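Beneath this line is the structure, given in structure tokens, with notes to follow.
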Amino acid sequence: MTTESALDTALSQLKQAVSQLGLSENDWQTLSTPRRVLEVAVPLRRDNGNVEMYRGYRVQYSTTRGPSKGGVRFHPDIDMNETVALAMLMTWKCALTNLPYGGAKGGIAVDAGSLSLAENERLTRRYTSEILPIIGPERDIPAPDVGTDERNMAWMMDTYSVNAGFSVPGVVTGKPIVLGGSLGRTSATGDGVAISAREALRVRGINPQGATVAIQGFGKVGYWAAVACEQMGMKVVAVSDVHGGITGFSSIAAVWDHFKANGNINVPGSEKLTNDELLHLKVDVLVPAALADSITEKSAGGIQAKIVVEGANAPTTPGGDAILKENNILVVPDILANAGGVIVSYFEWVQDKQNYFWTADEVKQNLNEILMKSVREVEAMSEAKNVTWREAAMMLGVGRVAEAHKLRGLYP
Ligand code: GLU
């Protein structure tokens, strides 16, 4: 994966939307420029006493529609370009789903797996302290992303709160329940992926009961997407992790039990697949739920799925996307398909603000309602303008940000 390509992909999608919406060159300038970018040094004292320096980032791509919002990624490949690209995607995602947020993303160029728990905590706390002046429940609200989870959010919340002098649960979302987290947040992105898959199957006239699904990735998105797809009656026939894929297992629960006990997904009796073999399986739905740039000019041609549901952010390059379009594969784009996470993050923030917490059913019902509204809007726009779902989703998201810009006007 090259990091420029995530930004190239995001900019080329934006350019297309700007032109399809008939927006001006001035609008393009405004929409293609991140509002605030911060790069910080994050020193870490390793357990052996050595001090290492890491690069940390926080990009507030837009604050036009509200405080900026988006995850924090720990990954060795993350850099400023990729952070900008991912913060841009968050902007369109929040606008598309009508959440009162701008878009942000942050991260540290580090392999989270190489850190002990204590090192991870020190790194997270120092990063939080470096970006502290620009985050806050009214400014910018981080959340988990690749390589971070609810433990990191607890440390971020604590570091911010200790500095404020009182508890500020609303500064991050994706927290443990006892610290003001929301029921249903852990599974939310996967739940949204499954809802998107179900709706795409409906559009293509395929019964979700027994529809086959292959999922690339078995992390926070892929695992929960698999569980939710199974609950809806779909048949998950393949999953993968960074080491490769498997097929021929009895159920996701069986894979999960094996994974918990052995740290790998190679359930006895299952058959191994390479990454490409998984992508090219003859299934109804393919869910790329790993990292960016997995469906490319090279890999897209062999995809036999009728539907692609983008669980990951930016898993498809423009070249890959053009091939999927040519082959009449319905793509539910990332900013719609994986929006379940930030939608329930929004619920968490609202609950924290009100100190009033919802039941799991209320969370699920409201998630379904918000996501279904966006699905219907994308479907209608795609039909009315004869564009792909990605183009329709971008037109809706970008159009709302552009409209908000116009109404706010330019200061001074
Ligand atoms: N990291 C997730 C995303 O890319 C969630 C962001 C959030 O909850 O703020 O959508």
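Residue numbering restarts at 1 in every chain; chains get A, B, ... in the order shown in the structure tokens, and ligands count up from 1 in that same order.
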Inset, instruction - Kindly compile the residues surrounding ligand 1 within 9 Å, counting only C-alpha atoms and all ligand atoms, and format them as a ChimeraX atom specification. - result: /A:68-73,86-87,89-90,93-94,103-105,141-146,172-174,185,189,312-313,334-335,338-346
Inset, instruction - Show which residues sit within 9 Å of Tyr54 in chain A, as an MDAnalysis selection string. Count only C-alpha atoms, and ignore same-chain residues fewer than 2 positions away. - result: chainID A and resid 40:44 52 56 108:110 123
Dump of C-alpha atoms for the selected residues, as a tab-separated table (two decimals), in the first residue's frame:
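Output below, filename result.tsv:
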```
chain	number	residue	atom	x	y	z
A	40	VAL	CA	3.56	15.89	17.00
A	41	ALA	CA	6.53	13.98	18.31
A	42	VAL	CA	5.52	11.26	20.73
A	43	PRO	CA	8.42	10.09	22.89
A	44	LEU	CA	8.02	6.68	24.48
A	52	GLU	CA	12.05	6.08	21.15
A	56	GLY	CA	1.73	11.41	15.81
A	108	ILE	CA	0.66	7.30	15.47
A	109	ALA	CA	3.09	5.58	13.10
A	110	VAL	CA	3.65	2.56	15.31
A	123	LEU	CA	2.31	6.20	24.22
```
Legend entry - One-decimal distance in Å that lies between CA of Asn81 in chain A and CA of Asp8 in chain A: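 Between these atoms lies a distance of 9.2 Å.
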Inset, instruction - Once DSSP has gone over the backbone, tell me which residues of range 26-259 of chain A are in strand (DSSP E), as number ranges by chain. - result: A: 36-45, 51-62, 68-74, 103-108, 140-144, 212-216, 235-241, 244-247
Inset, instruction - Show which residues sit within 8 Å of range 381-392 of chain A, as a PyMOL selection string. Count only C-alpha atoms, and ignore same-chain residues fewer than 2 positions away. - result: chain A and resi 13+16-17+325+330-333+377-379+394-396
Inset, instruction - Can you work out which one of A:Pro176, A:Gly170, A:Gly192, A:Gly409 has the shortest atom-to-atom distance to Ala154 in chain A, counting only C-alpha atoms? - result: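 That would be A:Pro176, the residue with the smallest distance to Ala154 in chain A.
Candidate residues A:Leu336, A:Leu371, A:Ala322, A:Val213 were compared for distance to Val287 in chain A, and the nearest is A:Val213, using only C-alpha atoms.
The residue set within 12 Å of Val178 in chain A, counting only C-alpha atoms and dropping same-chain residues fewer than 2 places from it, reads Glu150, Arg151, Ala154, Pro169, Gly174, Lys175, Pro176, Gly180, Gly181, Ser182, Leu183, Asp352 and Phe357 of chain A.
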Output N, CA and C atoms for every residue in that selection, as a compact mmCIF listing (two decimals), in the first residue's frame.
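Output (out.txt):
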```txt
# COMPACT_ATOMS: atom_id res chain seq x y z
N GLU A 150 -11.06 0.12 23.12
CA GLU A 150 -11.66 0.85 24.25
C GLU A 150 -10.65 1.13 25.36
N ARG A 151 -9.57 0.31 25.46
CA ARG A 151 -8.56 0.60 26.49
C ARG A 151 -7.87 1.93 26.18
N ALA A 154 -10.09 4.74 27.11
CA ALA A 154 -10.12 4.97 28.57
C ALA A 154 -8.91 5.81 28.98
N PRO A 169 -16.16 12.62 30.11
CA PRO A 169 -16.35 11.40 29.31
C PRO A 169 -16.57 11.69 27.82
N GLY A 174 -16.34 5.38 22.10
CA GLY A 174 -15.78 4.03 22.01
C GLY A 174 -15.12 3.64 23.33
N LYS A 175 -15.60 4.24 24.43
CA LYS A 175 -15.05 3.96 25.76
C LYS A 175 -15.67 2.69 26.35
N PRO A 176 -15.03 2.14 27.39
CA PRO A 176 -15.68 1.06 28.13
C PRO A 176 -17.01 1.57 28.71
N GLY A 180 -18.78 5.54 30.69
CA GLY A 180 -19.65 6.38 29.88
C GLY A 180 -19.70 5.94 28.42
N GLY A 181 -19.26 4.72 28.15
CA GLY A 181 -19.41 4.17 26.80
C GLY A 181 -20.85 3.82 26.53
N SER A 182 -21.15 3.54 25.26
CA SER A 182 -22.53 3.20 24.90
C SER A 182 -22.66 1.71 24.64
N LEU A 183 -23.77 1.15 25.08
CA LEU A 183 -24.09 -0.22 24.69
C LEU A 183 -24.13 -0.24 23.16
N ASP A 352 -23.42 10.89 26.91
CA ASP A 352 -22.47 11.49 27.85
C ASP A 352 -22.86 12.93 28.18
N PHE A 357 -28.45 7.18 29.90
CA PHE A 357 -27.97 6.10 29.02
C PHE A 357 -29.09 5.23 28.49
```
Legend entry - Selection near Ile246 in chain A, 12 Å with only C-alpha atoms, sequence-local residues under 3 positions removed, as JSON, numbers by chain: {"A": [214, 215, 216, 217, 218, 236, 237, 238, 239, 240, 241, 242, 243, 249, 250, 251, 252, 255, 264, 265, 266, 267, 268, 269, 270, 271, 272, 273, 274, 275, 276, 277, 278, 279, 281]}
Legend entry - Residue nearest Arg46 in chain A - candidates A:Ala314, A:Leu14, A:Leu117, A:Ala85, atoms counted: only C-alpha atoms: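 Smallest distance to Arg46 in chain A is found for A:Leu117.
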Inset, instruction - Rank A:Ser167, A:Asn262, A:Asn26, A:Thr64 by their smallest atom-to-atom distance to Pro100 in chain A, using only C-alpha atoms, and report the top residue only. - result: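 Looking at the shortest contact to Pro100 in chain A, the residue is A:Thr64.
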